[in-house]
Amino acid sequence: MYDWRAADILEGRFTKLTRPRGNPAKRRQLYCKEIGAFDIETSTYRDEEDKPHSFMYVWMFAIDDRVYYGRTWDEFKDFLMILRRKVPAGCKLLTYTHNLSYEYQYLSGVFKFTLEDIFATDPRKILKLSLCSWVEIRCSYFLSNMALRKFLQTEGVPVQKEEMDYTPVRYPWTGLSEEILKYCEADVLGLTQAIRSRAKRTGDSWYTIPYTATGYVRREARQVMRAERRHDDYKFDSWSVYRMLIKAFRGGNTHASRFWAAYGIIDEDGISRDFSSQYPYIIVSRPFPSREFFVVPPILLRGDSISYMEGLRSRNYAVLMRIRFEGLQVDDEQPVPYIPFDKCEICRGGGLDNGRILFADELTTVITDVDWDIIKGMYTWDDAEITWLAYSQYAPLPKGYIDLTREYYRRKTELKGVDDYAYRRSKELLNSLYGMMAQAVLRMEMKMYDNGILYEDPPADMEKAYMKNAKKCFMPYSWGVWLTAWARSLLQKAIDAVGPDHFLYCDTDSIKFIAEGVDVDFDSLFPGDSFEAVDPKGRGHRMGVMEHDATYSQFRTWGAKKYAVVYKDSGELEITVAGVGKLEGSQELKEKGGLTAFVPGLIFRSGGVDAVYNDLDNLEIRK
């Protein structure tokens, strides 16, 4: 690693990288052939009030296989001025850092940025940053979706991440040993090697490499959608329909049985079952809206609006509706009320079970036809009226998208039992095929305070902003709305099969229930997809089957995301509590007495770790 003052720094000039014919990524910016990597090492000092102050004590900048370093921000500025003389006019040196959102907190205190310099998905998720006008820094964490150590290991590059003791407080004038310098060098040198390895493996150049790991999936999805569908096919809905879709959208169904929550310790054998790749299975097996929604004129809803809606359904239409109930009441034997209070536009005279509607004198909400079927199966009412209605023809998703989903399922299955980390990352890519469906079309606008801190603000003209973004979409938002609705429908089928006396808990794609007395043929009830992927041991796996997950000897719950179990085979105790680490929290509960100590008021020390950003730190460092 070379001191930035080295006489031979950056001999010669960088080379302009030829842009691919056709510019497939539609990027106007020109890049150099060379690749850079930037990183800083920081220490934290605590003042008399125990307030933490973090500062940089060394920076590293790699250009291909050569690494330079300095100790202060002034030195880094001088280094950039040398770069400026080497970069061809109109070009930028593409540079990566492994957590740009973190580095930005320091850079924004040294350099002046504008909104045009930054590409961020939210104030703490920065994907790209233009530094001066000749360096473009991107986040390699978002590109890889892995910790740096694992990214370098996965790409199999010669230089791997070293170990370093972060305990000592180091200052810009603290002497650095060869061991520390070697660690610093490995971070950036290994990163340039990993980026080149990734680009070569995926056939990308600096013009086509995506910003995020899911960008690879999005690119393939966009290609199959473009090949399968004409340009004038269904991509987005009107602003009025989109607003209703937003109201209808819900995530997975997570709830404890209202009969067993707060009951105490359940000393009967319990079973946990979950769906294999539930969301991908729904993509390949269920129908979705296939055309822009048509809004029914209000005059046609006068009279028996429920019969009108059912008539549309009988003709294979997907239905989106605003519905008003009077005298709504959940059936006495239903363990999981379906309608959430926070999705109600109006709710008067109601009763709740952990945020779900038990009864209401009057209730108005926006739902899909899939939700309607679930509601019909568990609620009664005195009167119901549809006050707004839109419909679209049901059809399977494009064949290319279904085939792509099965291909990603195959890739994930081939990693099963081989590399747990890579398997989980591959699973995330598979699930991103759903994530892009449920991505909101209308987003908040990113804005910046004078001090460089980012914040979000609603667009001044929301309809105009929606239409502008919608035209860029390659799939409709309604698909995400229906996918989660279908998932809740599948889960409800499992809840009903187990029965109210045995059902204990559900979470999106899994259920827990008392085993004794339950005789359900889950294989016949949920046969799954016909496509079978094969793992390294030669065993076939299908999406959508409900697999046996675990058996418990004890179970206790206090509501959604608040339960603890004791496994029957191992006797190990495990908790699931929102905000508490599973391993640490389980050990802590064990030390406090086990399930008997799992009661309201229990305070865990094992909370999740929050990142602390000192955006406006006024610490002055003096030697």
# chains A, B, ... in the order shown; residues from 1 in each chain; ligands from 1

$ select_by_dssp --residues "stretch 27-224 of chain A" --states "strand (DSSP E or B)" --output "VMD selection string"
chain A and resid 30 to 32 36 to 46 52 to 63 66 to 70 91 to 97 118 to 122 125 to 131 135 to 139

$ residues_around --residues "stretch 62-78 of chain A" --least-positions-apart "3" --cutoff "7 Å" --atoms "only C-alpha atoms" --output "MDAnalysis selection string"
chainID A and resid 1:4 34:38 57:59 81:82 172 185 188:189 192

$ write_last_selection --atoms "N, CA and C atoms" --output "short mmCIF file (atom, residue, chain, number, x, y, z; two decimals), in the first residue's frame"
data_model
loop_
_atom_site.label_atom_id
_atom_site.label_comp_id
_atom_site.auth_asym_id
_atom_site.auth_seq_id
_atom_site.Cartn_x
_atom_site.Cartn_y
_atom_site.Cartn_z
N MET A 1 0.85 -1.18 0.00
CA MET A 1 0.00 0.00 0.00
C MET A 1 0.89 1.24 0.00
N TYR A 2 0.56 2.20 -0.81
CA TYR A 2 1.40 3.37 -1.02
C TYR A 2 0.80 4.61 -0.35
N ASP A 3 1.70 5.40 0.26
CA ASP A 3 1.28 6.71 0.75
C ASP A 3 0.85 7.54 -0.46
N TRP A 4 -0.20 8.31 -0.30
CA TRP A 4 -0.76 9.04 -1.43
C TRP A 4 0.24 10.01 -2.05
N GLU A 34 -10.60 1.42 -15.80
CA GLU A 34 -10.11 1.06 -14.48
C GLU A 34 -11.26 1.04 -13.47
N ILE A 35 -11.05 0.33 -12.37
CA ILE A 35 -12.06 0.24 -11.32
C ILE A 35 -11.42 0.67 -10.00
N GLY A 36 -12.18 1.42 -9.19
CA GLY A 36 -11.67 1.89 -7.92
C GLY A 36 -12.43 1.31 -6.74
N ALA A 37 -11.83 1.40 -5.55
CA ALA A 37 -12.49 1.01 -4.31
C ALA A 37 -12.04 1.98 -3.22
N PHE A 38 -12.98 2.41 -2.41
CA PHE A 38 -12.71 3.40 -1.38
C PHE A 38 -13.21 2.89 -0.04
N TYR A 57 -9.62 7.90 10.77
CA TYR A 57 -8.19 8.03 11.06
C TYR A 57 -7.31 7.51 9.91
N VAL A 58 -7.92 6.85 8.91
CA VAL A 58 -7.16 6.45 7.72
C VAL A 58 -8.14 6.19 6.58
N TRP A 59 -7.76 6.60 5.37
CA TRP A 59 -8.57 6.29 4.19
C TRP A 59 -7.72 5.48 3.21
N MET A 81 -7.59 15.62 -6.42
CA MET A 81 -7.14 16.59 -7.42
C MET A 81 -6.13 15.97 -8.38
N ILE A 82 -5.32 15.05 -7.88
CA ILE A 82 -4.41 14.32 -8.76
C ILE A 82 -5.21 13.43 -9.70
N PRO A 172 -5.84 10.24 13.69
CA PRO A 172 -5.10 10.42 12.43
C PRO A 172 -3.59 10.47 12.61
N GLU A 185 -5.44 -2.47 3.44
CA GLU A 185 -5.21 -2.72 2.02
C GLU A 185 -6.12 -3.83 1.49
N VAL A 188 -9.90 -2.90 0.34
CA VAL A 188 -10.16 -2.25 -0.94
C VAL A 188 -9.60 -3.04 -2.12
N LEU A 189 -8.44 -3.68 -1.92
CA LEU A 189 -7.86 -4.47 -3.01
C LEU A 189 -8.74 -5.68 -3.31
N THR A 192 -11.88 -4.50 -5.34
CA THR A 192 -11.70 -4.30 -6.79
C THR A 192 -11.66 -5.64 -7.51
#

$ select_by_dssp --residues "stretch 353-565 of chain A" --states "alpha helix (DSSP H)" --output "ChimeraX atom specification"
/A:369-378,399-413,420-435,462-470,478-498,522-525

$ residues_around --residues "stretch 536-544 of chain A" --least-positions-apart "6" --cutoff "9 Å" --atoms "only C-alpha atoms" --output "VMD selection string"
chain A and resid 275 to 282 406 409 413 to 418 526 to 530

$ write_last_selection --atoms "N, CA, C and O atoms" --output "compact mmCIF listing (two decimals), in the first residue's frame"
# COMPACT_ATOMS: atom_id res chain seq x y z
N PHE A 275 -45.18 -23.41 4.33
CA PHE A 275 -45.22 -23.58 2.88
C PHE A 275 -43.82 -23.42 2.29
O PHE A 275 -43.09 -22.49 2.65
N SER A 276 -43.49 -24.28 1.38
CA SER A 276 -42.23 -24.17 0.65
C SER A 276 -42.36 -23.10 -0.42
O SER A 276 -43.20 -23.22 -1.31
N SER A 277 -41.55 -22.03 -0.31
CA SER A 277 -41.53 -20.95 -1.31
C SER A 277 -42.94 -20.53 -1.70
O SER A 277 -43.34 -20.61 -2.85
N GLN A 278 -43.68 -20.09 -0.70
CA GLN A 278 -45.10 -19.78 -0.89
C GLN A 278 -45.35 -18.71 -1.96
O GLN A 278 -46.16 -18.89 -2.87
N TYR A 279 -44.65 -17.58 -1.86
CA TYR A 279 -44.89 -16.50 -2.83
C TYR A 279 -44.51 -16.91 -4.25
O TYR A 279 -45.28 -16.68 -5.19
N PRO A 280 -43.34 -17.53 -4.47
CA PRO A 280 -43.03 -18.01 -5.83
C PRO A 280 -44.06 -19.02 -6.33
O PRO A 280 -44.40 -19.03 -7.52
N TYR A 281 -44.56 -19.87 -5.43
CA TYR A 281 -45.58 -20.84 -5.83
C TYR A 281 -46.83 -20.14 -6.34
O TYR A 281 -47.43 -20.54 -7.35
N ILE A 282 -47.24 -19.08 -5.66
CA ILE A 282 -48.43 -18.35 -6.09
C ILE A 282 -48.20 -17.71 -7.45
O ILE A 282 -49.10 -17.66 -8.30
N ARG A 406 -39.44 -20.45 -11.71
CA ARG A 406 -39.02 -21.84 -11.51
C ARG A 406 -37.50 -21.99 -11.64
O ARG A 406 -36.88 -22.79 -10.93
N TYR A 409 -36.00 -20.86 -8.45
CA TYR A 409 -36.25 -21.89 -7.43
C TYR A 409 -35.27 -23.05 -7.60
O TYR A 409 -34.76 -23.58 -6.61
N THR A 413 -32.54 -24.33 -4.79
CA THR A 413 -32.58 -25.70 -4.31
C THR A 413 -31.22 -26.39 -4.46
O THR A 413 -30.83 -27.21 -3.62
N GLU A 414 -30.50 -26.05 -5.50
CA GLU A 414 -29.18 -26.66 -5.73
C GLU A 414 -28.15 -26.26 -4.67
O GLU A 414 -27.09 -26.87 -4.56
N LEU A 415 -28.45 -25.23 -3.88
CA LEU A 415 -27.55 -24.80 -2.80
C LEU A 415 -27.98 -25.36 -1.45
O LEU A 415 -27.29 -25.16 -0.45
N LYS A 416 -29.11 -26.05 -1.39
CA LYS A 416 -29.66 -26.56 -0.14
C LYS A 416 -28.70 -27.56 0.50
O LYS A 416 -28.32 -28.56 -0.12
N GLY A 417 -28.28 -27.28 1.74
CA GLY A 417 -27.38 -28.18 2.44
C GLY A 417 -25.92 -28.06 2.04
O GLY A 417 -25.08 -28.78 2.58
N VAL A 418 -25.60 -27.15 1.12
CA VAL A 418 -24.22 -26.99 0.66
C VAL A 418 -23.58 -25.77 1.30
O VAL A 418 -22.49 -25.84 1.90
N PHE A 526 -52.35 -29.61 -0.05
CA PHE A 526 -51.45 -28.66 -0.71
C PHE A 526 -50.43 -29.43 -1.55
O PHE A 526 -49.28 -29.65 -1.13
N PRO A 527 -50.82 -29.87 -2.74
CA PRO A 527 -49.92 -30.69 -3.56
C PRO A 527 -48.74 -29.91 -4.13
O PRO A 527 -47.75 -30.51 -4.54
N GLY A 528 -48.83 -28.60 -4.19
CA GLY A 528 -47.71 -27.79 -4.69
C GLY A 528 -47.62 -27.76 -6.20
O GLY A 528 -48.48 -28.25 -6.93
N ASP A 529 -46.53 -27.17 -6.68
CA ASP A 529 -46.29 -27.01 -8.11
C ASP A 529 -45.85 -28.33 -8.73
O ASP A 529 -45.20 -29.15 -8.07
N SER A 530 -46.16 -28.52 -9.98
CA SER A 530 -45.76 -29.76 -10.67
C SER A 530 -44.26 -29.81 -10.93
O SER A 530 -43.67 -30.88 -11.03

$ residues_around --residues "A:Ile357" --least-positions-apart "6" --cutoff "8 Å" --atoms "only C-alpha atoms" --output "PyMOL selection string"
chain A and resi 330+337-341+350-351

$ residues_around --residues "A:Tyr141" --least-positions-apart "4" --cutoff "7 Å" --atoms "only C-alpha atoms" --output "NGL selection string"
:A and (98-99 or 145-147)

$ write_last_selection --atoms "N, CA, C and O atoms" --output "tab-separated table (two decimals), in the first residue's frame"
chain	number	residue	atom	x	y	z
A	98	HIS	N	-18.02	-0.53	0.50
A	98	HIS	CA	-18.93	-1.54	1.02
A	98	HIS	C	-19.75	-1.00	2.19
A	98	HIS	O	-19.57	-1.38	3.34
A	99	ASN	N	-20.64	-0.12	1.92
A	99	ASN	CA	-21.62	0.50	2.81
A	99	ASN	C	-21.55	2.00	2.61
A	99	ASN	O	-21.13	2.75	3.48
A	145	ASN	N	-25.35	-7.94	-1.72
A	145	ASN	CA	-26.26	-8.39	-0.67
A	145	ASN	C	-25.55	-9.32	0.30
A	145	ASN	O	-26.13	-10.26	0.84
A	146	MET	N	-24.26	-9.07	0.52
A	146	MET	CA	-23.45	-9.89	1.42
A	146	MET	C	-22.50	-9.00	2.22
A	146	MET	O	-22.15	-7.90	1.78
A	147	ALA	N	-22.10	-9.50	3.37
A	147	ALA	CA	-21.02	-8.86	4.10
A	147	ALA	C	-19.76	-8.92	3.22
A	147	ALA	O	-19.61	-9.81	2.38

$ closest_residue --among "A:Glu547, A:Asp269, A:Glu588, A:Glu179" --to "A:Ile514" --atoms "only C-alpha atoms"
A:Asp269

$ residues_around --residues "A:Gly594" --least-positions-apart "2" --cutoff "12 Å" --atoms "only C-alpha atoms" --output "MDAnalysis selection string"
chainID A and resid 265 554:556 564:566 571:575 585:592 596:599 602

$ write_last_selection --atoms "N, CA, C and O atoms" --output "short mmCIF file (atom, residue, chain, number, x, y, z; two decimals), in the first residue's frame"
data_model
loop_
_atom_site.label_atom_id
_atom_site.label_comp_id
_atom_site.auth_asym_id
_atom_site.auth_seq_id
_atom_site.Cartn_x
_atom_site.Cartn_y
_atom_site.Cartn_z
N ILE A 265 -48.65 -21.80 29.62
CA ILE A 265 -47.78 -22.78 28.95
C ILE A 265 -48.63 -23.95 28.47
O ILE A 265 -49.37 -24.56 29.24
N GLN A 554 -43.53 -27.85 24.32
CA GLN A 554 -44.19 -26.75 25.03
C GLN A 554 -44.27 -25.53 24.13
O GLN A 554 -43.41 -25.31 23.27
N PHE A 555 -45.31 -24.73 24.37
CA PHE A 555 -45.53 -23.53 23.56
C PHE A 555 -46.21 -22.47 24.42
O PHE A 555 -47.06 -22.78 25.25
N ARG A 556 -45.82 -21.21 24.17
CA ARG A 556 -46.48 -20.11 24.88
C ARG A 556 -46.46 -18.87 23.99
O ARG A 556 -45.44 -18.56 23.38
N ALA A 564 -42.77 -18.37 22.43
CA ALA A 564 -41.60 -19.16 22.80
C ALA A 564 -41.97 -20.64 22.73
O ALA A 564 -43.12 -21.01 23.01
N VAL A 565 -41.02 -21.48 22.36
CA VAL A 565 -41.26 -22.91 22.23
C VAL A 565 -40.12 -23.69 22.88
O VAL A 565 -39.01 -23.17 23.04
N VAL A 566 -40.41 -24.92 23.21
CA VAL A 566 -39.38 -25.89 23.61
C VAL A 566 -39.47 -27.05 22.63
O VAL A 566 -40.52 -27.68 22.50
N GLY A 571 -35.04 -30.46 23.30
CA GLY A 571 -35.30 -29.80 24.58
C GLY A 571 -34.86 -28.35 24.61
O GLY A 571 -34.93 -27.69 25.66
N GLU A 572 -34.42 -27.83 23.46
CA GLU A 572 -33.94 -26.45 23.40
C GLU A 572 -35.11 -25.47 23.40
O GLU A 572 -36.14 -25.71 22.78
N LEU A 573 -34.90 -24.36 24.09
CA LEU A 573 -35.89 -23.29 24.15
C LEU A 573 -35.54 -22.24 23.09
O LEU A 573 -34.37 -21.91 22.90
N GLU A 574 -36.57 -21.73 22.41
CA GLU A 574 -36.34 -20.70 21.40
C GLU A 574 -37.48 -19.69 21.44
O GLU A 574 -38.64 -20.05 21.62
N ILE A 575 -37.13 -18.42 21.27
CA ILE A 575 -38.15 -17.37 21.28
C ILE A 575 -38.22 -16.69 19.92
O ILE A 575 -37.28 -16.70 19.14
N GLY A 585 -31.68 -13.83 22.81
CA GLY A 585 -32.90 -13.76 23.60
C GLY A 585 -33.30 -15.10 24.17
O GLY A 585 -33.77 -15.19 25.31
N SER A 586 -33.10 -16.17 23.39
CA SER A 586 -33.43 -17.51 23.88
C SER A 586 -32.55 -17.89 25.06
O SER A 586 -33.03 -18.45 26.06
N GLN A 587 -31.27 -17.58 24.96
CA GLN A 587 -30.35 -17.87 26.06
C GLN A 587 -30.70 -17.05 27.30
O GLN A 587 -30.67 -17.55 28.43
N GLU A 588 -31.06 -15.81 27.08
CA GLU A 588 -31.42 -14.95 28.21
C GLU A 588 -32.68 -15.45 28.91
O GLU A 588 -32.75 -15.47 30.15
N LEU A 589 -33.69 -15.87 28.13
CA LEU A 589 -34.92 -16.39 28.73
C LEU A 589 -34.63 -17.68 29.50
O LEU A 589 -35.20 -17.91 30.58
N LYS A 590 -33.73 -18.49 28.98
CA LYS A 590 -33.35 -19.72 29.66
C LYS A 590 -32.74 -19.41 31.02
O LYS A 590 -33.05 -20.06 32.04
N GLU A 591 -31.89 -18.39 31.05
CA GLU A 591 -31.24 -18.00 32.30
C GLU A 591 -32.23 -17.43 33.31
O GLU A 591 -32.01 -17.50 34.52
N LYS A 592 -33.32 -16.85 32.80
CA LYS A 592 -34.31 -16.22 33.68
C LYS A 592 -35.40 -17.18 34.13
O LYS A 592 -36.32 -16.77 34.86
N THR A 596 -41.73 -20.18 32.07
CA THR A 596 -42.47 -19.59 33.19
C THR A 596 -42.15 -18.10 33.35
O THR A 596 -42.96 -17.34 33.88
N ALA A 597 -40.97 -17.69 32.90
CA ALA A 597 -40.56 -16.28 32.99
C ALA A 597 -41.02 -15.48 31.78
O ALA A 597 -40.86 -14.25 31.76
N PHE A 598 -41.56 -16.15 30.76
CA PHE A 598 -41.99 -15.47 29.53
C PHE A 598 -43.37 -14.89 29.76
O PHE A 598 -44.40 -15.46 29.40
N VAL A 599 -43.41 -13.72 30.40
CA VAL A 599 -44.66 -13.08 30.79
C VAL A 599 -44.59 -11.60 30.44
O VAL A 599 -43.50 -11.04 30.25
N LEU A 602 -41.59 -8.68 30.99
CA LEU A 602 -40.22 -9.16 30.91
C LEU A 602 -39.41 -8.27 29.98
O LEU A 602 -39.82 -7.98 28.86
#

$ residues_around --residues "stretch 254-264 of chain A" --least-positions-apart "2" --cutoff "6 Å" --atoms "only C-alpha atoms" --output "list in words"
Pro335, Val336, Leu504, Tyr505, Cys506, Asp507, Thr508, Thr557, Trp558, Gly559 and Ala560 of chain A
